[in-house]
$ cat final_24.txt   # compact mmCIF, C-alpha atoms
# COMPACT_ATOMS: atom_id res chain seq x y z
CA MET A 131 17.69 9.47 -4.30
CA HIS A 132 17.86 11.03 -7.75
CA PHE A 133 14.96 13.10 -9.07
CA THR A 134 14.51 12.57 -12.80
CA SER A 135 11.60 14.90 -13.58
CA GLU A 136 9.36 17.50 -11.98
CA ARG A 137 6.05 19.04 -12.99
CA ARG A 138 3.30 21.05 -11.34
CA LEU A 139 -0.19 19.61 -11.77
CA ASP A 140 -3.23 21.78 -12.41
CA ASP A 141 -4.14 21.90 -8.72
CA GLY A 142 -0.63 23.03 -7.79
CA VAL A 143 0.58 19.64 -6.54
CA VAL A 144 4.25 19.09 -7.37
CA GLU A 145 4.95 15.65 -8.88
CA ARG A 146 8.55 14.43 -9.00
CA ALA A 147 9.73 11.12 -10.43
CA PHE A 148 12.78 9.60 -8.75
CA THR A 149 15.00 6.56 -8.68
CA LEU A 150 16.77 5.02 -5.69
CA ASP A 151 19.19 2.15 -6.33
CA GLY A 152 17.34 1.32 -9.54
CA ILE A 153 13.87 1.52 -7.95
CA PRO A 154 11.57 3.99 -9.76
CA GLY A 155 9.11 6.02 -7.73
CA ILE A 156 7.02 9.18 -7.60
CA LEU A 157 6.72 11.84 -4.88
CA TRP A 158 3.78 14.23 -4.71
CA THR A 159 3.89 17.28 -2.43
CA PRO A 160 1.08 19.77 -1.79
CA ALA A 161 1.44 23.29 -3.12
CA SER A 162 0.65 25.28 -0.02
CA ALA A 163 1.04 23.02 3.01
CA PRO A 164 3.60 24.23 5.56
CA ALA A 165 6.84 22.25 5.47
CA PRO A 166 7.77 19.76 6.69
CA THR A 167 4.74 17.74 5.58
CA PRO A 168 3.47 14.38 6.92
CA LEU A 169 3.90 11.53 4.46
CA ILE A 170 1.65 8.74 3.17
CA LEU A 171 3.22 5.78 1.37
CA LEU A 172 0.93 4.60 -1.44
CA GLY A 173 0.93 0.82 -1.91
CA HIS A 174 -0.34 -0.81 -5.09
CA PRO A 175 -0.17 -4.20 -6.88
CA GLY A 176 2.56 -3.20 -9.34
CA GLY A 177 2.88 -1.54 -12.72
CA LEU A 178 3.34 2.19 -12.16
CA ASP A 179 2.34 3.04 -15.75
CA THR A 180 -0.94 1.15 -15.41
CA MET A 181 -1.64 2.26 -11.85
CA TYR A 182 -0.62 5.90 -12.34
CA PRO A 183 -4.13 7.41 -12.82
CA ARG A 184 -5.42 5.83 -9.61
CA LEU A 185 -2.24 6.60 -7.65
CA ALA A 186 -2.17 10.22 -8.82
CA ALA A 187 -5.82 10.66 -7.87
CA ARG A 188 -5.12 9.27 -4.39
CA ALA A 189 -2.05 11.50 -4.05
CA ARG A 190 -3.94 14.63 -5.12
CA HIS A 191 -6.72 13.86 -2.66
CA SER A 192 -4.13 13.45 0.09
CA ALA A 193 -2.39 16.67 -0.95
CA ALA A 194 -5.67 18.52 -0.53
CA GLN A 195 -5.58 17.34 3.10
CA GLY A 196 -2.00 18.58 3.52
CA PHE A 197 -0.12 15.29 3.06
CA ALA A 198 2.78 14.40 0.80
CA SER A 199 2.52 10.99 -0.90
CA ALA A 200 5.04 8.64 -2.45
CA THR A 201 4.96 5.35 -4.30
CA VAL A 202 7.48 2.95 -5.82
CA GLU A 203 7.50 0.29 -8.51
CA LEU A 204 7.25 -3.17 -6.97
CA PRO A 205 9.91 -5.84 -7.59
CA GLY A 206 9.24 -7.68 -10.85
CA SER A 207 6.90 -4.99 -12.20
CA GLY A 208 7.40 -2.42 -14.95
CA ASP A 209 10.97 -2.55 -16.23
CA ARG A 210 12.33 -4.13 -13.06
CA PRO A 211 13.90 -7.63 -13.30
CA ARG A 212 11.44 -10.49 -13.27
CA SER A 213 11.42 -13.34 -10.77
CA ALA A 214 11.14 -16.84 -12.22
CA VAL A 215 9.61 -18.11 -8.96
CA VAL A 216 6.92 -15.42 -8.87
CA ASP A 217 6.19 -15.69 -12.58
CA GLY A 218 5.79 -19.46 -12.24
CA ALA A 219 3.44 -19.01 -9.29
CA ARG A 220 1.41 -16.44 -11.23
CA ALA A 221 1.03 -18.89 -14.12
CA ASP A 222 -0.09 -21.62 -11.69
CA LEU A 223 -2.57 -19.19 -10.14
CA ARG A 224 -4.11 -18.36 -13.50
CA ARG A 225 -4.41 -22.05 -14.37
CA ALA A 226 -6.11 -22.81 -11.05
CA LEU A 227 -8.57 -19.93 -11.42
CA ALA A 228 -9.37 -20.81 -15.03
CA ALA A 229 -10.05 -24.43 -14.04
CA GLY A 230 -12.15 -23.44 -11.05
CA GLU A 231 -9.68 -25.15 -8.74
CA PRO A 232 -8.71 -23.95 -5.24
CA VAL A 233 -5.64 -21.73 -4.95
CA THR A 234 -3.24 -23.71 -2.77
CA ASP A 235 -1.07 -22.34 0.03
CA ASP A 236 1.98 -23.30 -2.02
CA ILE A 237 0.91 -21.06 -4.91
CA VAL A 238 0.15 -18.16 -2.58
CA ASP A 239 3.48 -18.52 -0.76
CA ARG A 240 5.48 -18.60 -4.00
CA LEU A 241 3.52 -15.66 -5.41
CA VAL A 242 3.51 -13.31 -2.41
CA LEU A 243 6.33 -14.08 0.03
CA PRO A 244 9.25 -13.30 -2.34
CA LEU A 245 7.54 -10.01 -3.16
CA VAL A 246 7.12 -9.11 0.51
CA ASP A 247 10.69 -10.16 1.35
CA GLN A 248 12.10 -7.79 -1.28
CA ALA A 249 9.58 -4.95 -1.22
CA VAL A 250 9.61 -4.19 2.51
CA PRO A 251 13.38 -3.46 2.77
CA GLU A 252 13.06 -1.36 -0.39
CA TRP A 253 10.20 0.64 1.08
CA ARG A 254 12.26 1.24 4.23
CA ALA A 255 15.23 2.49 2.18
CA VAL A 256 12.96 4.80 0.20
CA LEU A 257 11.49 6.07 3.46
CA ASP A 258 14.99 6.85 4.74
CA ALA A 259 15.63 8.96 1.64
CA LEU A 260 12.25 10.71 1.72
CA LEU A 261 12.52 11.68 5.38
CA ALA A 262 15.94 13.19 4.67
CA LEU A 263 14.25 15.77 2.41
CA PRO A 264 13.60 19.11 4.16
CA GLU A 265 9.99 19.25 2.95
CA ILE A 266 9.02 15.81 4.35
CA ASP A 267 8.64 14.66 7.93
CA GLY A 268 6.69 12.18 10.04
CA PRO A 269 4.30 10.95 11.11
CA VAL A 270 4.14 8.43 8.25
CA GLY A 271 1.17 6.42 7.07
CA TYR A 272 0.82 3.49 4.68
CA SER A 273 -2.18 3.30 2.36
CA GLY A 274 -3.15 0.56 -0.08
CA GLY A 275 -2.01 -2.93 -1.01
CA VAL A 276 -0.51 -5.42 -1.44
CA ILE A 277 -1.98 -6.09 2.02
CA ALA A 278 0.77 -8.60 2.89
CA ILE A 279 3.38 -5.90 2.20
CA GLY A 280 1.47 -3.39 4.32
CA THR A 281 1.22 -5.91 7.15
CA ARG A 282 4.94 -6.72 7.15
CA LEU A 283 5.84 -3.03 6.87
CA ALA A 284 3.60 -2.14 9.82
CA VAL A 285 5.52 -4.70 11.91
CA ALA A 286 9.03 -3.94 10.67
CA GLU A 287 8.95 -0.15 10.33
CA PRO A 288 8.49 1.81 13.59
CA ARG A 289 8.03 5.07 11.67
CA ILE A 290 4.66 3.85 10.33
CA ALA A 291 2.14 5.46 12.69
CA ALA A 292 -1.10 4.28 11.07
CA ALA A 293 -2.20 2.26 8.03
CA VAL A 294 -5.14 2.03 5.67
CA LEU A 295 -4.91 -1.46 4.15
CA PHE A 296 -6.74 -2.53 1.00
CA ALA A 297 -7.94 -6.14 1.25
CA GLY A 298 -8.17 -8.01 -2.03
CA SER A 299 -4.86 -9.78 -2.55
CA PHE A 300 -3.79 -13.27 -1.56
CA VAL A 301 -2.27 -13.56 1.92
CA PRO A 302 0.16 -16.33 2.96
CA ARG A 303 -0.52 -18.03 6.28
CA ALA A 304 2.82 -16.76 7.57
CA ILE A 305 1.56 -13.19 7.16
CA HIS A 306 -1.46 -14.02 9.33
CA GLU A 307 1.00 -14.84 12.11
CA GLU A 308 2.88 -11.58 11.54
CA ALA A 309 -0.43 -9.69 11.69
CA ARG A 310 -0.68 -10.54 15.40
CA GLN A 311 2.38 -8.30 15.92
CA VAL A 312 0.79 -5.24 14.29
CA THR A 313 -0.06 -2.62 16.90
CA VAL A 314 -0.59 0.63 14.94
CA PRO A 315 -4.13 1.91 14.30
CA LEU A 316 -5.62 0.22 11.24
CA HIS A 317 -8.43 1.01 8.83
CA VAL A 318 -9.08 -1.91 6.45
CA LEU A 319 -11.09 -1.52 3.23
CA LEU A 320 -12.81 -4.64 1.85
CA GLN A 321 -14.87 -4.90 -1.33
CA TRP A 322 -17.46 -7.56 -0.55
CA ASP A 323 -17.92 -8.75 -4.15
CA ASP A 324 -14.25 -8.92 -5.17
CA LYS A 325 -14.51 -12.14 -7.17
CA GLY A 326 -10.80 -12.62 -7.67
CA ASN A 327 -10.00 -12.93 -3.99
CA ASP A 328 -11.02 -14.84 -0.90
CA ARG A 329 -13.33 -12.76 1.29
CA GLN A 330 -13.00 -15.13 4.24
CA ALA A 331 -9.21 -14.89 4.10
CA ALA A 332 -9.50 -11.10 4.34
CA LEU A 333 -11.82 -11.40 7.34
CA ASP A 334 -9.47 -13.89 9.00
CA LEU A 335 -6.54 -11.52 8.50
CA PHE A 336 -8.48 -8.63 10.00
CA ASP A 337 -9.29 -10.79 13.01
CA ALA A 338 -5.59 -11.65 13.40
CA PHE A 339 -4.35 -8.05 13.56
CA GLY A 340 -3.12 -7.24 17.05
CA SER A 341 -3.98 -3.53 16.93
CA GLN A 342 -6.16 -2.20 19.72
CA GLU A 343 -7.74 0.20 17.23
CA LYS A 344 -8.80 -1.49 14.01
CA THR A 345 -11.78 -0.78 11.79
CA LEU A 346 -13.15 -2.86 8.92
CA ASN A 347 -14.97 -0.86 6.25
CA ALA A 348 -16.70 -3.40 3.98
CA ASN A 349 -18.69 -2.26 0.96
CA MET A 350 -20.64 -3.93 -1.80
CA GLY A 351 -18.93 -3.95 -5.19
CA GLY A 352 -15.96 -5.33 -7.07
CA HIS A 353 -12.24 -4.78 -6.70
CA THR A 354 -12.10 -1.21 -8.06
CA GLY A 355 -15.54 -0.07 -6.87
CA VAL A 356 -14.59 1.54 -3.56
CA PRO A 357 -17.34 4.12 -2.89
CA GLN A 358 -16.57 7.75 -2.18
CA HIS A 359 -17.74 7.59 1.42
CA ALA A 360 -15.25 4.78 2.13
CA GLY A 361 -12.44 6.91 0.75
CA ASP A 362 -13.61 9.83 2.87
CA ALA A 363 -13.57 7.65 6.00
CA ALA A 364 -9.99 6.56 5.23
CA ALA A 365 -8.99 10.19 4.72
CA ALA A 366 -10.51 11.14 8.08
CA PHE A 367 -8.59 8.28 9.70
CA PHE A 368 -5.26 9.65 8.45
CA ASP A 369 -6.24 13.20 9.35
CA ARG A 370 -6.80 12.04 12.92
CA HIS A 371 -3.70 9.89 13.32
CA LEU A 372 -1.09 11.74 11.28
CA LYS A 373 -2.06 15.34 11.93
CA GLN A 374 -3.18 15.14 15.52
CA GLY A 375 -0.32 13.13 16.98
CA GLY A 376 -2.16 9.82 16.84
CA VAL A 377 -4.89 10.97 19.22
CA SER A 378 -8.12 9.10 18.59
$ encode --input "final_24.txt" --output "structure tokens"
Amino acid sequence: MHFTSERRLDDGVVERAFTLDGIPGILWTPASAPAPTPLILLGHPGGLDTMYPRLAARARHSAAQGFASATVELPGSGDRPRSAVVDGARADLRRALAAGEPVTDDIVDRLVLPLVDQAVPEWRAVLDALLALPEIDGPVGYSGGVIAIGTRLAVAEPRIAAAVLFAGSFVPRAIHEEARQVTVPLHVLLQWDDKGNDRQAALDLFDAFGSQEKTLNANMGGHTGVPQHAGDAAAAFFDRHLKQGGVS
């Protein structure tokens, strides 16, 4: 892991950009929390430049609770190499939505599965590097989307102790099967009026999760309209599971 820049934000949070094997990312650490600090991985749909304001706000909120946060650029986003398969699926998706046609399983598989297959091993490699830093330690949480990535990561990565998953992205049927293997505590956020995504698919995925502790927090509003109280509930979830040894 190579840090490429460092700055202190106005609330004292230290923000460091890094690269790992060509993967850009950002690490935020709180100013005054005792080291080593629990870590939250911040998932997002891609495009660090576009997503930065929302990611930084989430990271600063987490830092105020005493958590470090990190994010990475997804495969095929930003300056990373494009995938012809994913780009073709994205074009097919846009055509289907514009025509008012159903989004087929084939489109969803071609759009999401290559991303999951590449992103999850990358996240695990980044986690290896982050946990080698003296200021970072477990437990580790995952927060955000793409929900299919979060689902696979919760199955594949034993260091993930709890996850807040953002519904609102297409989910292949194969991921529904993987969801049955998820056992960590889950808190799922769903925007009820997210027009670009299938509400029933999100509900079906929640039902499939195998976790004994899972909570669905559904709120009225569109994709980016998550209310403050929903964010506070997610923060309390991490405070309970990452700071108190996973005791409910």
$ closest_atom_pairs --input "final_24.txt" --of "region 220-333 of chain A" --to "region 141-161 of chain A" --cutoff "10 Å" --atoms "all atoms listed in the file" --output "CSV"
residue,atom,partner,partner_atom,distance
A:Glu252,CA,A:Ile153,CA,8.1
A:Trp253,CA,A:Ile153,CA,9.8
A:Ala255,CA,A:Leu150,CA,8.4
A:Val256,CA,A:Leu150,CA,7.0
A:Ala259,CA,A:Leu150,CA,8.4
A:Leu260,CA,A:Leu157,CA,8.7
A:Glu265,CA,A:Thr159,CA,8.4
A:Ile266,CA,A:Thr159,CA,8.6
$ atom_distance --input "final_24.txt" --atom1 "CA of Val202 (chain A)" --atom2 "CA of His174 (chain A)"
8.7 Å
$ closest_residue --input "final_24.txt" --among "A:Thr281, A:Ser207, A:Ser213, A:Thr201" --to "Leu257 (chain A)" --atoms "only C-alpha atoms"
A:Thr201
$ closest_residue --input "final_24.txt" --among "A:Ala366, A:Val238, A:Leu295, A:Ala286" --to "Gln311 (chain A)" --atoms "all atoms listed in the file"
A:Ala286
$ atom_distance --input "final_24.txt" --atom1 "CA of Ser192 (chain A)" --atom2 "CA of Gly340 (chain A)"
26.8 Å
$ decode --input "final_24.txt" --residues "region 132-155 of chain A" --atoms "N, CA, C and O atoms" --output "mmCIF file, in the first residue's frame"
data_model
loop_
_atom_site.group_PDB
_atom_site.id
_atom_site.type_symbol
_atom_site.label_atom_id
_atom_site.label_comp_id
_atom_site.auth_asym_id
_atom_site.auth_seq_id
_atom_site.Cartn_x
_atom_site.Cartn_y
_atom_site.Cartn_z
ATOM 1 N N HIS A 132 0.604 2.140 -0.931
ATOM 2 C CA HIS A 132 1.399 3.359 -1.073
ATOM 3 C C HIS A 132 0.495 4.564 -0.868
ATOM 4 O O HIS A 132 -0.466 4.769 -1.624
ATOM 5 N N PHE A 133 0.786 5.361 0.153
ATOM 6 C CA PHE A 133 0.009 6.575 0.391
ATOM 7 C C PHE A 133 0.511 7.681 -0.515
ATOM 8 O O PHE A 133 1.718 7.946 -0.593
ATOM 9 N N THR A 134 -0.409 8.324 -1.222
ATOM 10 C CA THR A 134 -0.047 9.333 -2.217
ATOM 11 C C THR A 134 -0.314 10.755 -1.763
ATOM 12 O O THR A 134 0.213 11.706 -2.352
ATOM 13 N N SER A 135 -1.155 10.938 -0.741
ATOM 14 C CA SER A 135 -1.411 12.281 -0.218
ATOM 15 C C SER A 135 -1.985 12.157 1.182
ATOM 16 O O SER A 135 -2.501 11.099 1.575
ATOM 17 N N GLU A 136 -1.883 13.230 1.936
ATOM 18 C CA GLU A 136 -2.440 13.274 3.286
ATOM 19 C C GLU A 136 -2.875 14.694 3.592
ATOM 20 O O GLU A 136 -2.175 15.660 3.260
ATOM 21 N N ARG A 137 -4.034 14.837 4.205
ATOM 22 C CA ARG A 137 -4.483 16.147 4.670
ATOM 23 C C ARG A 137 -5.367 15.959 5.898
ATOM 24 O O ARG A 137 -5.982 14.911 6.092
ATOM 25 N N ARG A 138 -5.404 17.011 6.717
ATOM 26 C CA ARG A 138 -6.242 17.007 7.910
ATOM 27 C C ARG A 138 -7.471 17.859 7.626
ATOM 28 O O ARG A 138 -7.353 19.039 7.260
ATOM 29 N N LEU A 139 -8.648 17.282 7.774
ATOM 30 C CA LEU A 139 -9.881 18.001 7.519
ATOM 31 C C LEU A 139 -10.199 18.924 8.693
ATOM 32 O O LEU A 139 -9.550 18.867 9.737
ATOM 33 N N ASP A 140 -11.215 19.779 8.514
ATOM 34 C CA ASP A 140 -11.459 20.809 9.523
ATOM 35 C C ASP A 140 -11.924 20.260 10.861
ATOM 36 O O ASP A 140 -11.869 20.957 11.882
ATOM 37 N N ASP A 141 -12.386 19.017 10.897
ATOM 38 C CA ASP A 141 -12.778 18.410 12.167
ATOM 39 C C ASP A 141 -11.669 17.538 12.751
ATOM 40 O O ASP A 141 -11.883 16.802 13.712
ATOM 41 N N GLY A 142 -10.483 17.619 12.146
ATOM 42 C CA GLY A 142 -9.335 16.875 12.639
ATOM 43 C C GLY A 142 -9.152 15.497 12.046
ATOM 44 O O GLY A 142 -8.133 14.846 12.293
ATOM 45 N N VAL A 143 -10.131 15.027 11.255
ATOM 46 C CA VAL A 143 -10.011 13.713 10.618
ATOM 47 C C VAL A 143 -8.854 13.741 9.615
ATOM 48 O O VAL A 143 -8.716 14.694 8.833
ATOM 49 N N VAL A 144 -8.037 12.705 9.646
ATOM 50 C CA VAL A 144 -6.913 12.600 8.711
ATOM 51 C C VAL A 144 -7.375 11.786 7.503
ATOM 52 O O VAL A 144 -7.846 10.654 7.642
ATOM 53 N N GLU A 145 -7.242 12.370 6.316
ATOM 54 C CA GLU A 145 -7.638 11.730 5.064
ATOM 55 C C GLU A 145 -6.387 11.436 4.237
ATOM 56 O O GLU A 145 -5.632 12.344 3.908
ATOM 57 N N ARG A 146 -6.185 10.160 3.912
ATOM 58 C CA ARG A 146 -5.021 9.763 3.124
ATOM 59 C C ARG A 146 -5.461 8.992 1.889
ATOM 60 O O ARG A 146 -6.203 8.005 2.006
ATOM 61 N N ALA A 147 -5.042 9.449 0.731
ATOM 62 C CA ALA A 147 -5.266 8.701 -0.504
ATOM 63 C C ALA A 147 -4.164 7.653 -0.639
ATOM 64 O O ALA A 147 -3.022 7.869 -0.218
ATOM 65 N N PHE A 148 -4.527 6.504 -1.223
ATOM 66 C CA PHE A 148 -3.546 5.433 -1.382
ATOM 67 C C PHE A 148 -3.791 4.698 -2.693
ATOM 68 O O PHE A 148 -4.849 4.839 -3.330
ATOM 69 N N THR A 149 -2.820 3.903 -3.079
ATOM 70 C CA THR A 149 -2.995 2.938 -4.159
ATOM 71 C C THR A 149 -2.458 1.598 -3.686
ATOM 72 O O THR A 149 -1.512 1.533 -2.887
ATOM 73 N N LEU A 150 -3.083 0.535 -4.159
ATOM 74 C CA LEU A 150 -2.614 -0.830 -3.883
ATOM 75 C C LEU A 150 -2.779 -1.629 -5.163
ATOM 76 O O LEU A 150 -3.904 -1.855 -5.614
ATOM 77 N N ASP A 151 -1.668 -2.002 -5.775
ATOM 78 C CA ASP A 151 -1.698 -2.762 -7.027
ATOM 79 C C ASP A 151 -2.582 -2.068 -8.073
ATOM 80 O O ASP A 151 -3.372 -2.721 -8.761
ATOM 81 N N GLY A 152 -2.450 -0.763 -8.159
ATOM 82 C CA GLY A 152 -3.200 0.004 -9.155
ATOM 83 C C GLY A 152 -4.615 0.363 -8.753
ATOM 84 O O GLY A 152 -5.341 0.980 -9.541
ATOM 85 N N ILE A 153 -5.044 -0.018 -7.555
ATOM 86 C CA ILE A 153 -6.395 0.283 -7.080
ATOM 87 C C ILE A 153 -6.333 1.534 -6.219
ATOM 88 O O ILE A 153 -5.699 1.537 -5.162
ATOM 89 N N PRO A 154 -6.998 2.634 -6.621
ATOM 90 C CA PRO A 154 -7.004 3.834 -5.787
ATOM 91 C C PRO A 154 -7.980 3.681 -4.624
ATOM 92 O O PRO A 154 -9.005 2.999 -4.727
ATOM 93 N N GLY A 155 -7.661 4.318 -3.515
ATOM 94 C CA GLY A 155 -8.554 4.298 -2.373
ATOM 95 C C GLY A 155 -8.281 5.464 -1.449
ATOM 96 O O GLY A 155 -7.355 6.262 -1.657
#
